[in-house]
Amino acid sequence: MTQPAAPTSAPARRPQRVLTLQVNGEPVEVAAPSTWTLLEVLRYKLGLTGTKQGCDKGDCGACTVLVDGQPVLSCCTLAATVGDKAVTTIEGLPIRVGRAFDIAGALQCGFCQPGMICSAHALLSHKPDPSVSEIRAALSGNLCRCTGYTKIIEAVQLAAKDLGGHADLSTSELRTPVAYGPPAEGFLVLGARGRKADSIHKATGAAIYADDISLPRMAHGRILRSPHPHARIRRIDTRAAAALPGVFAVMTGAELPETFCVIPWTPDENVLCIDKVRYVGDGVAAVAAIDEETAIRACDLIEVDYEILPPVLDLDAAEAATALVHERDWKGRPRVDNLCKDVDLAFGEVEPALEGAAVTHGATYFYEGNTHAAIEPHCAVARWSPDGKLTVWSSTQVPHYLHRELGKVLGVPTSEIRVIQPALGGAFGGKSEPFDLEFCAAWLSRKAGRPVKILYTREEVFYSHRGRHPMEMKLRMGAAADGRLLAVDNDIRIDGGGYHSFGMITSYYAGQILTGPVRMDHYHFRARRFYTNKPCCGPKRGHGSVQPRFAFECGLDELAEKLGMDPMDIRRKNAMGSGERTVNGQLVPSTGLAACLDAVEKASGWKGRWGQQPRGRGLGVACSMYISGTAYPIYPNEMPQSGVQLLADRSGRITVLCGASDIGQGSDGMLAYVVAEETGILPDDVAVHSADTELTPVDLGAYSSRVTYMVGTAAQEAARAMGAEMRAALAAHWEIPADQVGKSLGFWFDKAESGRQMDTKAVLQLAEARAGTPLAASGGYRTRKVGGAYRGGTIGASPAYSTTAHVVEVEVDVETGIVKVLNVWVAHDCGRAINPVLVEGQVEGSVYMGYAEALMEAQTFDERGLHSGPNLLDYRIPTSIETPAIFTKIIETIDPGGPYGAKEAGEGPLHPIIPAIANAIWDAVGVRLRTLPFTPDRVLAAIRAQGAAAAPA
Amino acid sequence: MLRMDGFDFVRASDPAEAVALWHAQPDSAYIAGGTDLLPNLKHRIVQARTLVGVGDALAKGWARVGEAYEIGAGTTLAALAAMGELPLLATAAGAVAGPQLRNMGTIGGNVLLDTRCLFYNQTEFWRKSLGYCLKAEGTWCHVVGGPKTCVATQSSDTVPALMALGARIRLLGPGGARELDLNDLFKFNGMDHLKLSAGELLTHVIVPVPAAEARGSYQKLRTRGAIDFPQLGVAIWGRLQGVGPTAQIDALRVVIGAVSPQPKALAGLDPFVGGPLSDEVVSAIAEQAFKSTRPQGSVHGDSAWRRHMARVFVRRGLLALREGAQPAPVDGAPAAA
């Protein structure tokens, strides 16, 4: 290490008290400040990092531990009050409940699960055979953002059976390849219900997330943020902060003036603001100190002199340019407006088509903004070594883009930088670009000569945002008398917040992805994204297209109503077929809309129930299409978008190196499946190392639902190459033709001679001997030319599209306006379901997240530009109690281009739930809701307005 | 992460020691479950220098003493939620927050819960951006838009239930113990809503043993089926003879909470006592609830809608009461036992 920059004074040590605790059955003595919570002592003194921290203050349940057998929130338990009560953390629990979670596929990102498993364990300790509603109630203080609770409830039921001695979970050892179901016909592994690669680590608290990392001499950073939505920075005085004992380094934006953006064409952000702040929460200065408390105090001592400017807080003010959020664009040219991106694309002749339509519909829809709220707050640890090499561990879902931007902004060759993504506690698009904390941790590490960690508070997560854009949509559409959809016109204004982020892409996605799976003859959209003085919006699950899909699918129902058609039928009438091109020129190689509609119609008992239930009860349908990856990389290049390398080991293991980010969706498990399929080894014998820029070939990241399609293709290519070497070696050894060699799970065999076989380990050794080098293989996903032949025609173009249909059943209380979603039936066409458990998990999580957006979530700001409640108490995400029952049906319309025919599953299924709920409310009570979320006061107002309209004059 | 700073902790082994420790230091605060205090410390809206731990000092559990149940202030909400003797209180205790918090939080803490406001229960950073508020460090109430009155909301679920049950509390101060009718504890001032002397420690909650024919319900309005504080809480308690529209009212109390600093018993019910709980009477009382309830915007949710919901809850509660049933929860939470 270099000598650290000399601290300005001796580090201050906070007064400590010695606590004697009983933790996991052992007495421990630990010195900690009197102000520390049990959580802080467990995580940061005892190294029991299985207990997680999500919300700062008792709202999310991730920190749940057992005290005397009862679940409590360790973040709101003062360590000094615990005394001699028995504390049990996830690390001290018996394995069986966690293993049931693993087997049931209940772990996605895994971040909430240690706390969830503690609650489940406590429930089963006093109630061995709980009902579903008892399980929901017992887990209602543990928020999960990934699963929709569906598989968690199944896991608790499975654990109850196991503990009751009624289930065989192959309990003898964890190593056993438990619970793999039968594969799809003609495959060794694919299609089998199986475990995720990493979930047992998550279920036992062993997985290491960014904030679980602690390095010797590590300092703690903190970012000072703007209290004003719009202000010019006149002066920043950091002297008092730098002089505070315990402070190692202070930085301001002027030290890193290079701008950045995840989209390289539109760099409009600085690491920390230099001239202006653009939202409440914009970063201004940063500090590294001996502990977080000292860093907080130091930030309090930084004086910033602001010249307050009038803020731009809504679309009207933004369009009227009452003030300019950015005075210059990214090329330094003066701006005259707040328009960040303007896309205007027409396909066919919309106006004449509307004029000729038998029925038309026109309405304005408003989709309120909302945010990802992953339970893990963003965290980065940076170590700038004396040899000039920088390592950054970050909770990112795009290590490669972070790697590039770190190099650009820090002025360091990327060959000197290593980015590692540890286990990630949920992302949903909220971690898909570089953030201030990664740059600040790196720069402060260089200045302090120590590793630096920065962990966002929950409030900072809300300010960093990059979530769902508020959108106003003026939609017009028209259909012929037979239901054929003739024309659609959508005029969209998008509230972008303070910076560009993915804004250009958002603006295109708002129009470009709407054109299937329901066919339309003529189409025009205009999408204008404006800057405002609010936290920057970006990609949240279903980036850019969830909002227009809501408007469109609601509008389709209104057309059906005017035509006297069943809403199912108008969708069937216009259903695209596989191989068809959309009106905007996108080729859809496969689509299963008809099958999806059939499935949900049947499962929900639509016929005989839709339109025929008593007032207050209703069914609604909606469908959607989504991309399986974007056609082109964010920065133009001819290199593969995704790379996979395989290394075989003489032990019979194959190591996968791949840059792909497993953000909980299970991409590591997908890789293991593909390699197992092509080589015959067990998925558990595949060791996946992912998302480390020094070890793994580039993958562009976990966004735009690209991973299964593109990484899967790369993995398939690599694994097939290795399989071919194995086959050739065995054929040579047995002196038979290669096509006479067959493979099965665990062994290869001679198709012609019964009983002649060799286990995969021996085959790998044979192949290595034959090659004379270590056995290795590579594969890549190379960009395929797709998209329309016009400017912007490649944005929203994808090599494949998934299709989804939902039917939702609601109960509307006409006296209170409260909407309850009772059941959700989903059919999702994901092409080949490589591991159905993971597909279902993605579908269920999407349904949950969309349900929440429909009924309760809203990220709003007041007239001061202040967030209406940047915490997980005021920003309500659903608990296990109100989340509806979700019934998932996987439809496999095998895609000609996807790996084994696979397409995406992680984002498409979110779209339809929102309009399906709106359409179900109409079926229930006859009101059309066009503003989200559907809060009870809004629903009640609509019902009352209906009553007033119906009343005689 | 939000971190706490700047206080020390001392543990009291009995109530008298707790009171003495509190008075021995400036800026002291009692801590039992800590579920209300710790978030407030993290938000820097409470700036105590000494926390006096009363978790071991306060009695836990309850005992029947004469015609009343004496509930130790250290009894957890989870324990109370299983209290068969007082189902109304059990329902309310079971509606507080989520399971973990009910295992931690005590009845004493829930009764004395600090008032809450969207402009107050926020971080130091957020409140500074706001320019602070009347309740903490500022001069302006952002809810009513004025400099005089703070309308932060009393947000306890158990208080309306306890008031409906006619509960009293026992307090210990340096001068000894005293008892107070729970109706007399609160005042309409969100900055200072408790009529307590400095450093008084709540040691017991005393609930009269209800008559055999007594019935009650607690309805909570919230977005989610767990975790949320109430947007409205309505406790109804009564003694009725018979069932249905002809059931005769011998006694009736309706308490409405979570709309202002002061939970209030609905006034004007005396004329109905002795008569039947007919549909007309139910409507009249529900209308009275609507008229007399003015929900403050200090709590999440449209205020006019919350006011409407007071009418709905009272009507549904009374209809259930005369059937000896429980109204269906609107938040999806499992129906009350």
# chains A, B, ... in the order shown; residues from 1 in each chain; ligands from 1
call {"tool": "closest_atom_pairs", "arguments": {"of": "stretch 80-126 of chain B", "to": "stretch 313-329 of chain B", "cutoff": "12 Å", "atoms": "only C-alpha atoms", "output": "JSON lines"}}
result
{"residue": "B:Pro87", "atom": "CA", "partner": "B:Gln326", "partner_atom": "CA", "distance": 10.9}
{"residue": "B:Leu88", "atom": "CA", "partner": "B:Gln326", "partner_atom": "CA", "distance": 10.1}
{"residue": "B:Thr91", "atom": "CA", "partner": "B:Gln326", "partner_atom": "CA", "distance": 10.3}
{"residue": "B:Ala92", "atom": "CA", "partner": "B:Pro329", "partner_atom": "CA", "distance": 11.8}
{"residue": "B:Ala95", "atom": "CA", "partner": "B:Pro329", "partner_atom": "CA", "distance": 10.2}
call {"tool": "write_last_selection", "arguments": {"atoms": "all heavy atoms", "output": "PDB file, in the first residue's frame"}}
result
ATOM      1  N   PRO B  87     -60.931  -9.305  23.794  1.00  0.00           N
ATOM      2  CA  PRO B  87     -60.761  -9.494  22.336  1.00  0.00           C
ATOM      3  C   PRO B  87     -60.650  -8.190  21.553  1.00  0.00           C
ATOM      4  O   PRO B  87     -59.951  -8.133  20.538  1.00  0.00           O
ATOM      5  CB  PRO B  87     -62.011 -10.280  21.928  1.00  0.00           C
ATOM      6  CG  PRO B  87     -62.917 -10.297  23.097  1.00  0.00           C
ATOM      7  CD  PRO B  87     -62.126  -9.975  24.314  1.00  0.00           C
ATOM      8  N   LEU B  88     -61.331  -7.148  22.022  1.00  0.00           N
ATOM      9  CA  LEU B  88     -61.241  -5.871  21.310  1.00  0.00           C
ATOM     10  C   LEU B  88     -59.815  -5.343  21.347  1.00  0.00           C
ATOM     11  O   LEU B  88     -59.262  -4.912  20.333  1.00  0.00           O
ATOM     12  CB  LEU B  88     -62.224  -4.862  21.932  1.00  0.00           C
ATOM     13  CG  LEU B  88     -62.121  -3.411  21.492  1.00  0.00           C
ATOM     14  CD1 LEU B  88     -62.176  -3.264  19.985  1.00  0.00           C
ATOM     15  CD2 LEU B  88     -63.255  -2.603  22.136  1.00  0.00           C
ATOM     16  N   THR B  91     -57.564  -7.499  19.131  1.00  0.00           N
ATOM     17  CA  THR B  91     -57.672  -7.160  17.708  1.00  0.00           C
ATOM     18  C   THR B  91     -56.824  -5.937  17.374  1.00  0.00           C
ATOM     19  O   THR B  91     -56.090  -5.916  16.384  1.00  0.00           O
ATOM     20  CB  THR B  91     -59.140  -6.871  17.336  1.00  0.00           C
ATOM     21  OG1 THR B  91     -59.925  -8.000  17.690  1.00  0.00           O
ATOM     22  CG2 THR B  91     -59.286  -6.600  15.847  1.00  0.00           C
ATOM     23  N   ALA B  92     -56.953  -4.915  18.211  1.00  0.00           N
ATOM     24  CA  ALA B  92     -56.207  -3.682  17.944  1.00  0.00           C
ATOM     25  C   ALA B  92     -54.707  -3.918  18.049  1.00  0.00           C
ATOM     26  O   ALA B  92     -53.929  -3.464  17.203  1.00  0.00           O
ATOM     27  CB  ALA B  92     -56.658  -2.585  18.907  1.00  0.00           C
ATOM     28  N   ALA B  95     -53.326  -5.537  15.112  1.00  0.00           N
ATOM     29  CA  ALA B  95     -53.338  -4.742  13.876  1.00  0.00           C
ATOM     30  C   ALA B  95     -52.136  -3.809  13.781  1.00  0.00           C
ATOM     31  O   ALA B  95     -51.931  -3.158  12.762  1.00  0.00           O
ATOM     32  CB  ALA B  95     -54.629  -3.927  13.802  1.00  0.00           C
TER      33      ALA B  95
END
call {"tool": "select_by_dssp", "arguments": {"residues": "stretch 145-178 of chain B", "states": "alpha helix (DSSP H)", "output": "ChimeraX atom specification"}}
result
/B:158-164
call {"tool": "write_last_selection", "arguments": {"atoms": "N, CA and C atoms", "output": "mmCIF file, in the first residue's frame"}}
result
data_model
loop_
_atom_site.group_PDB
_atom_site.id
_atom_site.type_symbol
_atom_site.label_atom_id
_atom_site.label_comp_id
_atom_site.auth_asym_id
_atom_site.auth_seq_id
_atom_site.Cartn_x
_atom_site.Cartn_y
_atom_site.Cartn_z
ATOM 1 N N THR B 158 -53.940 0.802 19.559
ATOM 2 C CA THR B 158 -54.523 0.288 20.804
ATOM 3 C C THR B 158 -55.285 1.361 21.570
ATOM 4 N N VAL B 159 -54.919 2.635 21.376
ATOM 5 C CA VAL B 159 -55.555 3.689 22.176
ATOM 6 C C VAL B 159 -57.068 3.778 21.935
ATOM 7 N N PRO B 160 -57.539 3.810 20.685
ATOM 8 C CA PRO B 160 -59.001 3.854 20.523
ATOM 9 C C PRO B 160 -59.684 2.656 21.179
ATOM 10 N N ALA B 161 -59.072 1.493 21.060
ATOM 11 C CA ALA B 161 -59.661 0.298 21.671
ATOM 12 C C ALA B 161 -59.702 0.441 23.193
ATOM 13 N N LEU B 162 -58.598 0.902 23.764
ATOM 14 C CA LEU B 162 -58.543 1.062 25.218
ATOM 15 C C LEU B 162 -59.525 2.123 25.695
ATOM 16 N N MET B 163 -59.659 3.210 24.933
ATOM 17 C CA MET B 163 -60.614 4.251 25.325
ATOM 18 C C MET B 163 -62.033 3.709 25.276
ATOM 19 N N ALA B 164 -62.310 2.922 24.242
ATOM 20 C CA ALA B 164 -63.649 2.336 24.135
ATOM 21 C C ALA B 164 -63.925 1.393 25.300
#
call {"tool": "residues_around", "arguments": {"residues": "A:Trp606", "least_positions_apart": "5", "cutoff": "12 Å", "atoms": "only C-alpha atoms", "output": "ChimeraX atom specification"}}
result
/A:566-569,597-601,611-613,618-621,806-809,825,920,923
call {"tool": "write_last_selection", "arguments": {"atoms": "N, CA and C atoms", "output": "PDB file, in the first residue's frame"}}
result
ATOM      1  N   ASP A 566     -66.450  -9.300 -27.244  1.00  0.00           N
ATOM      2  CA  ASP A 566     -65.751  -9.806 -26.069  1.00  0.00           C
ATOM      3  C   ASP A 566     -64.293  -9.303 -26.146  1.00  0.00           C
ATOM      4  N   PRO A 567     -63.753  -8.764 -25.046  1.00  0.00           N
ATOM      5  CA  PRO A 567     -62.365  -8.266 -25.093  1.00  0.00           C
ATOM      6  C   PRO A 567     -61.354  -9.330 -25.537  1.00  0.00           C
ATOM      7  N   MET A 568     -61.651 -10.584 -25.271  1.00  0.00           N
ATOM      8  CA  MET A 568     -60.766 -11.650 -25.757  1.00  0.00           C
ATOM      9  C   MET A 568     -60.759 -11.648 -27.293  1.00  0.00           C
ATOM     10  N   ASP A 569     -61.944 -11.450 -27.845  1.00  0.00           N
ATOM     11  CA  ASP A 569     -62.070 -11.613 -29.293  1.00  0.00           C
ATOM     12  C   ASP A 569     -61.381 -10.503 -30.079  1.00  0.00           C
ATOM     13  N   LEU A 597     -53.835 -16.408 -24.824  1.00  0.00           N
ATOM     14  CA  LEU A 597     -55.221 -16.004 -24.571  1.00  0.00           C
ATOM     15  C   LEU A 597     -56.089 -17.213 -24.252  1.00  0.00           C
ATOM     16  N   ASP A 598     -55.902 -18.284 -25.016  1.00  0.00           N
ATOM     17  CA  ASP A 598     -56.677 -19.503 -24.746  1.00  0.00           C
ATOM     18  C   ASP A 598     -56.444 -19.981 -23.319  1.00  0.00           C
ATOM     19  N   ALA A 599     -55.181 -19.955 -22.915  1.00  0.00           N
ATOM     20  CA  ALA A 599     -54.827 -20.497 -21.594  1.00  0.00           C
ATOM     21  C   ALA A 599     -55.476 -19.697 -20.472  1.00  0.00           C
ATOM     22  N   VAL A 600     -55.389 -18.359 -20.556  1.00  0.00           N
ATOM     23  CA  VAL A 600     -55.943 -17.580 -19.442  1.00  0.00           C
ATOM     24  C   VAL A 600     -57.473 -17.537 -19.507  1.00  0.00           C
ATOM     25  N   GLU A 601     -58.001 -17.635 -20.699  1.00  0.00           N
ATOM     26  CA  GLU A 601     -59.469 -17.663 -20.817  1.00  0.00           C
ATOM     27  C   GLU A 601     -60.020 -18.907 -20.119  1.00  0.00           C
ATOM     28  N   GLY A 611     -68.434 -10.184 -17.565  1.00  0.00           N
ATOM     29  CA  GLY A 611     -69.652  -9.440 -17.862  1.00  0.00           C
ATOM     30  C   GLY A 611     -70.889 -10.006 -17.192  1.00  0.00           C
ATOM     31  N   GLN A 612     -70.728 -11.038 -16.394  1.00  0.00           N
ATOM     32  CA  GLN A 612     -71.917 -11.697 -15.849  1.00  0.00           C
ATOM     33  C   GLN A 612     -71.885 -11.842 -14.342  1.00  0.00           C
ATOM     34  N   GLN A 613     -70.906 -11.204 -13.719  1.00  0.00           N
ATOM     35  CA  GLN A 613     -70.842 -11.339 -12.269  1.00  0.00           C
ATOM     36  C   GLN A 613     -71.591 -10.188 -11.610  1.00  0.00           C
ATOM     37  N   GLY A 618     -65.283  -8.416 -10.986  1.00  0.00           N
ATOM     38  CA  GLY A 618     -65.037  -8.299 -12.415  1.00  0.00           C
ATOM     39  C   GLY A 618     -63.781  -9.018 -12.877  1.00  0.00           C
ATOM     40  N   LEU A 619     -63.765  -9.303 -14.171  1.00  0.00           N
ATOM     41  CA  LEU A 619     -62.598  -9.891 -14.824  1.00  0.00           C
ATOM     42  C   LEU A 619     -62.092  -8.923 -15.890  1.00  0.00           C
ATOM     43  N   GLY A 620     -60.794  -8.912 -16.085  1.00  0.00           N
ATOM     44  CA  GLY A 620     -60.214  -8.088 -17.139  1.00  0.00           C
ATOM     45  C   GLY A 620     -59.072  -8.826 -17.798  1.00  0.00           C
ATOM     46  N   VAL A 621     -58.882  -8.538 -19.071  1.00  0.00           N
ATOM     47  CA  VAL A 621     -57.810  -9.189 -19.818  1.00  0.00           C
ATOM     48  C   VAL A 621     -56.904  -8.125 -20.425  1.00  0.00           C
ATOM     49  N   HIS A 806     -52.799 -11.830 -19.579  1.00  0.00           N
ATOM     50  CA  HIS A 806     -53.264 -11.932 -18.193  1.00  0.00           C
ATOM     51  C   HIS A 806     -54.784 -11.857 -18.147  1.00  0.00           C
ATOM     52  N   VAL A 807     -55.363 -12.600 -17.245  1.00  0.00           N
ATOM     53  CA  VAL A 807     -56.724 -12.296 -16.794  1.00  0.00           C
ATOM     54  C   VAL A 807     -56.648 -12.056 -15.300  1.00  0.00           C
ATOM     55  N   VAL A 808     -57.302 -10.982 -14.890  1.00  0.00           N
ATOM     56  CA  VAL A 808     -57.282 -10.583 -13.487  1.00  0.00           C
ATOM     57  C   VAL A 808     -58.703 -10.566 -12.973  1.00  0.00           C
ATOM     58  N   GLU A 809     -58.875 -11.021 -11.757  1.00  0.00           N
ATOM     59  CA  GLU A 809     -60.187 -10.933 -11.119  1.00  0.00           C
ATOM     60  C   GLU A 809     -60.105  -9.967  -9.951  1.00  0.00           C
ATOM     61  N   TRP A 825     -54.346 -14.784 -13.457  1.00  0.00           N
ATOM     62  CA  TRP A 825     -53.951 -15.919 -14.302  1.00  0.00           C
ATOM     63  C   TRP A 825     -53.045 -15.368 -15.395  1.00  0.00           C
ATOM     64  N   ALA A 920     -60.657  -4.978 -15.502  1.00  0.00           N
ATOM     65  CA  ALA A 920     -61.469  -5.754 -14.550  1.00  0.00           C
ATOM     66  C   ALA A 920     -62.311  -4.815 -13.682  1.00  0.00           C
ATOM     67  N   ASP A 923     -65.250  -4.017 -15.647  1.00  0.00           N
ATOM     68  CA  ASP A 923     -66.204  -5.123 -15.640  1.00  0.00           C
ATOM     69  C   ASP A 923     -66.968  -5.185 -14.314  1.00  0.00           C
TER      70      ASP A 923
END
call {"tool": "closest_residue", "arguments": {"among": "A:Thr360, A:Thr150, A:Thr457, A:Thr655", "to": "chain B", "atoms": "only C-alpha atoms"}}
result
A:Thr457
call {"tool": "interface_residues", "arguments": {"of": "chain B", "to": "chain A", "cutoff": "8 Å", "atoms": "only C-alpha atoms", "output": "MDAnalysis selection string"}}
result
chainID B and resid 1:9 11 33:35 38:39 42 53 55 97:101 103:104 118 122 125:126 128:130 223:228 300 302 305 309 312 330:334
call {"tool": "closest_residue", "arguments": {"among": "B:Asn183, B:Thr153, B:Ser303, B:Thr293", "to": "B:Pro261", "atoms": "only C-alpha atoms"}}
result
B:Thr153
